[in-house]
file input_36.txt (compact mmCIF, C-alpha atoms)
# COMPACT_ATOMS: atom_id res chain seq x y z
CA ASP A 1 16.66 11.53 -2.72
CA ALA A 2 13.50 12.77 -1.06
CA GLY A 3 10.73 10.25 -0.91
CA VAL A 4 7.02 10.95 -0.98
CA ILE A 5 6.28 13.81 1.39
CA GLN A 6 3.01 14.10 3.26
CA SER A 7 1.74 16.80 5.56
CA PRO A 8 0.65 17.10 8.21
CA ARG A 9 1.87 13.90 9.88
CA HIS A 10 -0.82 14.13 12.52
CA GLU A 11 -4.13 15.98 12.44
CA VAL A 12 -6.71 16.20 15.19
CA THR A 13 -9.93 17.99 14.38
CA GLU A 14 -13.51 18.19 15.47
CA MET A 15 -16.46 16.72 13.65
CA GLY A 16 -17.76 19.02 10.95
CA GLN A 17 -14.46 20.72 10.26
CA GLU A 18 -12.73 20.71 6.89
CA VAL A 19 -9.51 18.69 6.67
CA THR A 20 -6.91 18.97 3.91
CA LEU A 21 -4.15 16.44 3.52
CA ARG A 22 -1.20 17.18 1.27
CA CYS A 23 1.17 15.08 -0.77
CA LYS A 24 4.28 15.75 -2.81
CA PRO A 25 5.19 12.76 -5.00
CA ILE A 26 8.70 11.78 -5.95
CA SER A 27 10.00 13.97 -8.72
CA GLY A 28 9.54 12.33 -12.12
CA HIS A 29 6.76 10.03 -11.00
CA ASN A 30 3.58 10.36 -13.02
CA SER A 31 1.11 8.26 -11.03
CA LEU A 32 -0.19 9.19 -7.59
CA PHE A 33 -2.38 7.18 -5.26
CA TRP A 34 -4.32 8.00 -2.10
CA TYR A 35 -5.01 5.17 0.36
CA ARG A 36 -6.78 4.93 3.69
CA GLN A 37 -5.77 2.41 6.35
CA THR A 38 -7.91 1.35 9.30
CA MET A 39 -7.90 -1.68 11.56
CA MET A 40 -11.35 -2.67 10.42
CA ARG A 41 -10.97 -2.28 6.66
CA GLY A 42 -7.24 -2.57 6.10
CA LEU A 43 -5.67 -0.65 3.22
CA GLU A 44 -8.17 0.87 0.79
CA LEU A 45 -7.41 2.68 -2.45
CA LEU A 46 -9.38 5.91 -2.56
CA ILE A 47 -8.31 7.46 -5.85
CA TYR A 48 -5.42 7.49 -8.26
CA PHE A 49 -4.10 9.95 -10.80
CA ASN A 50 -2.05 9.42 -13.91
CA ASN A 51 -0.36 12.48 -15.41
CA ASN A 52 -2.42 14.67 -13.03
CA VAL A 53 -5.71 13.25 -14.31
CA PRO A 54 -7.98 11.26 -11.97
CA ILE A 55 -8.28 7.76 -13.42
CA ASP A 56 -10.32 5.89 -10.85
CA ASP A 57 -12.11 7.48 -7.92
CA SER A 58 -14.45 4.60 -7.21
CA GLY A 59 -12.86 4.12 -3.81
CA MET A 60 -13.79 7.57 -2.58
CA PRO A 61 -16.29 6.87 0.20
CA GLU A 62 -18.73 9.68 -0.50
CA ASP A 63 -19.12 13.25 -1.67
CA ARG A 64 -17.49 14.58 1.46
CA PHE A 65 -14.18 13.42 0.01
CA SER A 66 -12.48 15.17 -2.88
CA ALA A 67 -8.98 15.01 -4.34
CA LYS A 68 -7.07 17.24 -6.71
CA MET A 69 -3.76 17.19 -8.45
CA PRO A 70 -3.18 20.66 -9.92
CA ASN A 71 0.35 19.82 -11.07
CA ALA A 72 2.84 16.97 -11.16
CA SER A 73 4.34 17.83 -7.79
CA PHE A 74 1.33 18.32 -5.55
CA SER A 75 -1.93 16.68 -4.59
CA THR A 76 -4.55 17.26 -1.91
CA LEU A 77 -7.20 15.11 -0.32
CA LYS A 78 -9.98 17.10 1.30
CA ILE A 79 -12.70 15.96 3.65
CA GLN A 80 -15.57 18.36 4.22
CA PRO A 81 -17.28 18.00 6.62
CA SER A 82 -15.22 15.49 8.56
CA GLU A 83 -16.81 12.77 10.71
CA PRO A 84 -15.39 10.52 13.45
CA ARG A 85 -15.54 7.50 11.13
CA ASP A 86 -13.01 9.24 8.87
CA SER A 87 -10.36 8.70 11.54
CA ALA A 88 -7.61 6.66 9.89
CA VAL A 89 -4.10 6.84 8.51
CA TYR A 90 -4.06 8.28 5.00
CA PHE A 91 -1.19 7.32 2.72
CA CYS A 92 -0.05 8.86 -0.50
CA ALA A 93 2.04 6.80 -2.93
CA SER A 94 3.62 7.52 -6.29
CA SER A 95 5.06 5.44 -9.09
CA PRO A 96 7.30 6.23 -12.04
CA PRO A 97 6.32 6.06 -15.73
CA GLY A 98 6.89 2.80 -17.52
CA LEU A 99 5.08 -0.34 -18.53
CA ALA A 100 1.75 -0.34 -16.74
CA GLY A 101 1.58 -2.91 -14.02
CA VAL A 102 5.30 -3.24 -13.54
CA ASP A 103 6.39 -0.20 -11.62
CA THR A 104 6.71 -0.08 -7.89
CA GLN A 105 4.66 2.20 -5.69
CA TYR A 106 6.56 4.32 -3.17
CA PHE A 107 4.66 5.26 -0.07
CA GLY A 108 4.80 8.36 2.08
CA PRO A 109 4.88 8.17 5.88
CA GLY A 110 1.15 8.79 6.17
CA THR A 111 -1.09 11.31 7.91
CA ARG A 112 -2.80 10.08 11.06
CA LEU A 113 -6.21 11.78 11.18
CA THR A 114 -8.32 11.83 14.30
CA VAL A 115 -11.80 13.33 14.12
CA LEU A 116 -13.34 13.93 17.54
CA GLY B 1 -11.60 -8.97 -10.89
CA ASP B 2 -8.00 -8.99 -9.78
CA SER B 3 -7.39 -9.75 -6.11
CA VAL B 4 -4.91 -11.05 -3.58
CA THR B 5 -5.58 -13.36 -0.66
CA GLN B 6 -3.00 -13.69 2.06
CA MET B 7 -2.68 -15.69 5.22
CA GLU B 8 -4.41 -14.18 8.19
CA GLY B 9 -2.42 -13.34 11.25
CA PRO B 10 -1.24 -12.55 13.67
CA VAL B 11 1.83 -14.75 13.47
CA THR B 12 4.16 -15.08 16.44
CA LEU B 13 7.53 -16.79 16.07
CA SER B 14 10.63 -17.24 18.14
CA GLU B 15 13.85 -15.70 16.91
CA GLU B 16 15.64 -17.86 14.27
CA ALA B 17 12.43 -19.72 13.36
CA PHE B 18 11.41 -20.30 9.74
CA LEU B 19 8.76 -17.99 8.33
CA THR B 20 6.17 -18.62 5.63
CA ILE B 21 3.37 -16.21 4.82
CA ASN B 22 1.05 -17.52 2.14
CA CYS B 23 -0.26 -15.39 -0.69
CA THR B 24 -2.40 -16.40 -3.66
CA TYR B 25 -3.73 -14.22 -6.39
CA THR B 26 -6.45 -13.96 -9.03
CA ALA B 27 -5.71 -11.98 -12.17
CA THR B 28 -6.99 -11.91 -15.72
CA GLY B 29 -3.74 -10.65 -17.17
CA TYR B 30 -0.06 -11.17 -16.38
CA PRO B 31 0.50 -9.49 -13.04
CA SER B 32 3.62 -8.37 -11.31
CA LEU B 33 3.71 -9.47 -7.68
CA PHE B 34 5.05 -7.65 -4.66
CA TRP B 35 5.64 -7.96 -0.95
CA TYR B 36 5.55 -4.77 1.06
CA VAL B 37 6.48 -4.38 4.74
CA GLN B 38 5.09 -1.85 7.20
CA TYR B 39 6.99 -1.21 10.42
CA PRO B 40 5.09 0.36 13.32
CA GLY B 41 4.23 3.99 12.70
CA GLU B 42 5.63 3.99 9.18
CA GLY B 43 4.42 3.77 5.60
CA LEU B 44 4.69 0.69 3.41
CA GLN B 45 8.09 -0.15 1.96
CA LEU B 46 8.78 -2.45 -0.96
CA LEU B 47 10.41 -5.65 0.29
CA LEU B 48 10.68 -7.59 -2.97
CA LYS B 49 8.98 -8.12 -6.29
CA ALA B 50 8.73 -10.48 -9.24
CA THR B 51 7.48 -9.52 -12.67
CA LYS B 52 7.02 -12.85 -14.44
CA ALA B 53 6.41 -16.52 -13.79
CA ASP B 54 9.24 -18.43 -12.08
CA ASP B 55 11.01 -15.23 -11.07
CA LYS B 56 12.28 -15.16 -7.52
CA GLY B 57 12.34 -11.90 -5.62
CA SER B 58 14.69 -11.60 -2.66
CA ASN B 59 15.79 -8.98 -0.16
CA LYS B 60 17.09 -8.93 3.44
CA GLY B 61 16.94 -12.72 3.63
CA PHE B 62 13.32 -12.85 2.45
CA GLU B 63 12.38 -14.71 -0.72
CA ALA B 64 9.26 -15.30 -2.78
CA THR B 65 8.84 -17.19 -6.05
CA TYR B 66 6.19 -16.33 -8.63
CA ARG B 67 4.31 -19.60 -9.23
CA LYS B 68 1.88 -19.29 -12.10
CA GLU B 69 0.70 -22.89 -11.88
CA THR B 70 -0.47 -22.41 -8.29
CA THR B 71 -1.12 -18.64 -8.59
CA SER B 72 0.98 -18.11 -5.50
CA PHE B 73 3.73 -15.84 -4.20
CA HIS B 74 4.52 -17.11 -0.71
CA LEU B 75 6.97 -15.15 1.42
CA GLU B 76 9.71 -17.09 3.22
CA LYS B 77 12.66 -16.41 5.47
CA GLY B 78 14.90 -19.06 6.93
CA SER B 79 15.70 -17.37 10.23
CA VAL B 80 13.65 -14.44 11.49
CA GLN B 81 14.93 -11.73 13.78
CA VAL B 82 13.17 -9.51 16.28
CA SER B 83 13.67 -6.62 13.85
CA ASP B 84 11.46 -8.43 11.29
CA SER B 85 8.41 -7.75 13.45
CA ALA B 86 6.07 -5.82 11.15
CA VAL B 87 2.99 -6.17 8.98
CA TYR B 88 3.55 -7.78 5.58
CA PHE B 89 1.35 -7.07 2.55
CA CYS B 90 1.14 -9.07 -0.63
CA ALA B 91 0.13 -7.09 -3.72
CA LEU B 92 -0.29 -7.41 -7.45
CA SER B 93 -0.25 -4.97 -10.31
CA ALA B 94 -1.58 -5.99 -13.68
CA ARG B 95 -0.99 -4.28 -16.99
CA ASN B 96 -4.64 -4.37 -17.93
CA THR B 97 -5.58 -2.26 -14.90
CA GLY B 98 -3.06 0.48 -15.41
CA ASN B 99 -0.80 1.22 -12.47
CA GLN B 100 -3.39 0.19 -9.92
CA PHE B 101 -2.23 -2.12 -7.17
CA TYR B 102 -4.35 -4.68 -5.32
CA PHE B 103 -3.20 -5.28 -1.76
CA GLY B 104 -3.92 -8.17 0.57
CA THR B 105 -5.21 -7.55 4.07
CA GLY B 106 -1.79 -7.76 5.67
CA THR B 107 -0.24 -10.30 8.04
CA SER B 108 1.15 -9.12 11.35
CA LEU B 109 4.38 -10.84 12.40
CA THR B 110 5.82 -10.65 15.90
CA VAL B 111 9.20 -12.22 16.59
CA ILE B 112 10.05 -12.85 20.22
CA PRO B 113 13.60 -13.26 21.56

call {"tool": "encode", "arguments": {"input": "input_36.txt", "output": "structure tokens"}}
result
Amino acid sequence: DAGVIQSPRHEVTEMGQEVTLRCKPISGHNSLFWYRQTMMRGLELLIYFNNNVPIDDSGMPEDRFSAKMPNASFSTLKIQPSEPRDSAVYFCASSPPGLAGVDTQYFGPGTRLTVL
Amino acid sequence: GDSVTQMEGPVTLSEEAFLTINCTYTATGYPSLFWYVQYPGEGLQLLLKATKADDKGSNKGFEATYRKETTSFHLEKGSVQVSDSAVYFCALSARNTGNQFYFGTGTSLTVIP
């Protein structure tokens, strides 16, 4: 079975450019999570969706960040304009339907973003 | 609010040594508890989990017991191998916060031959 798929795996861009990260959750999963991981701040939850609806976006750093989930099989995280401090590894994770708080999250391999 | 506190690293052990990584939690509801492992350059993978008090999760020689009385979920392994070198994350998920997970800061483990 395919796991969570993220693209691109690596992205290098210049400050001020728009960056779009993509995620395909595991088929049948109805919750999707975007995380950011840095050495300084560890693993941070940015936003999560349930049934394609954003539930909690309080972790989104600022208005430069936006996320969408137009359907159950695709989500994007966009940064516009990008800044060097956005350099990090961005993970997408999904979890199946079931009793809230019980289900496991399955992580993608991550996108390593470098903003010069 | 809900949170997880885990032992700070890095931890360096010799092969076949005993491993303990401490994890304690704060939760208002009845959380499920997890240990995830992250190998270099990869995403997080579920290592084990426990969904109620006194449950023991186990996998690949690792174990953790859900202790409600001490609000702990310490990770243990009797004999570590070089291949266990990774970063380990403790996490909780509570019903009253939907499917949201709360992760610890991670503990880096290096096992030397």

call {"tool": "residues_near_point", "arguments": {"input": "input_36.txt", "point": "(-6.6, 11.1, -8.2)", "cutoff": "9 Å", "atoms": "all atoms listed in the file", "output": "list in words"}}
result
Ser31, Leu32, Phe33, Trp34, Leu46, Ile47, Tyr48, Phe49, Asn50, Asn52, Val53, Pro54, Ile55, Asp56, Asp57, Ser66, Ala67, Lys68, Met69, Ser75 and Leu77 of chain A

call {"tool": "write_last_selection", "arguments": {"input": "input_36.txt", "atoms": "C-alpha atoms", "output": "compact mmCIF listing (two decimals), in the frame of the given file"}}
result
# COMPACT_ATOMS: atom_id res chain seq x y z
CA SER A 31 1.11 8.26 -11.03
CA LEU A 32 -0.19 9.19 -7.59
CA PHE A 33 -2.38 7.18 -5.26
CA TRP A 34 -4.32 8.00 -2.10
CA LEU A 46 -9.38 5.91 -2.56
CA ILE A 47 -8.31 7.46 -5.85
CA TYR A 48 -5.42 7.49 -8.26
CA PHE A 49 -4.10 9.95 -10.80
CA ASN A 50 -2.05 9.42 -13.91
CA ASN A 52 -2.42 14.67 -13.03
CA VAL A 53 -5.71 13.25 -14.31
CA PRO A 54 -7.98 11.26 -11.97
CA ILE A 55 -8.28 7.76 -13.42
CA ASP A 56 -10.32 5.89 -10.85
CA ASP A 57 -12.11 7.48 -7.92
CA SER A 66 -12.48 15.17 -2.88
CA ALA A 67 -8.98 15.01 -4.34
CA LYS A 68 -7.07 17.24 -6.71
CA MET A 69 -3.76 17.19 -8.45
CA SER A 75 -1.93 16.68 -4.59
CA LEU A 77 -7.20 15.11 -0.32

call {"tool": "residues_near_point", "arguments": {"input": "input_36.txt", "point": "(3.7, 2.0, 4.0)", "cutoff": "9 Å", "atoms": "all atoms listed in the file", "output": "mmCIF file with C-alpha atoms, keeping the file's coordinate frame"}}
result
data_model
loop_
_atom_site.group_PDB
_atom_site.id
_atom_site.type_symbol
_atom_site.label_atom_id
_atom_site.label_comp_id
_atom_site.auth_asym_id
_atom_site.auth_seq_id
_atom_site.Cartn_x
_atom_site.Cartn_y
_atom_site.Cartn_z
ATOM 1 C CA PHE A 91 -1.190 7.320 2.720
ATOM 2 C CA ALA A 93 2.040 6.800 -2.930
ATOM 3 C CA TYR A 106 6.560 4.320 -3.170
ATOM 4 C CA PHE A 107 4.660 5.260 -0.070
ATOM 5 C CA GLY A 108 4.800 8.360 2.080
ATOM 6 C CA PRO A 109 4.880 8.170 5.880
ATOM 7 C CA GLY A 110 1.150 8.790 6.170
ATOM 8 C CA TYR B 36 5.550 -4.770 1.060
ATOM 9 C CA VAL B 37 6.480 -4.380 4.740
ATOM 10 C CA GLN B 38 5.090 -1.850 7.200
ATOM 11 C CA TYR B 39 6.990 -1.210 10.420
ATOM 12 C CA GLY B 41 4.230 3.990 12.700
ATOM 13 C CA GLU B 42 5.630 3.990 9.180
ATOM 14 C CA GLY B 43 4.420 3.770 5.600
ATOM 15 C CA LEU B 44 4.690 0.690 3.410
ATOM 16 C CA GLN B 45 8.090 -0.150 1.960
ATOM 17 C CA LEU B 46 8.780 -2.450 -0.960
#

call {"tool": "atom_distance", "arguments": {"input": "input_36.txt", "atom1": "atom CA of A:Pro25", "atom2": "atom CA of B:Leu47"}}
result
19.9 Å

call {"tool": "atom_distance", "arguments": {"input": "input_36.txt", "atom1": "atom CA of B:Tyr30", "atom2": "atom CA of B:Thr65"}}
result
14.9 Å

call {"tool": "interface_residues", "arguments": {"input": "input_36.txt", "of": "chain B", "to": "chain A", "cutoff": "9 Å", "atoms": "only C-alpha atoms", "output": "VMD selection string"}}
result
chain B and resid 30 to 34 41 to 46 49 51 92 to 106

call {"tool": "closest_residue", "arguments": {"input": "input_36.txt", "among": "B:Cys90, B:Gln81, B:Ser58, B:Thr107", "to": "B:Glu15", "atoms": "only C-alpha atoms"}}
result
B:Gln81
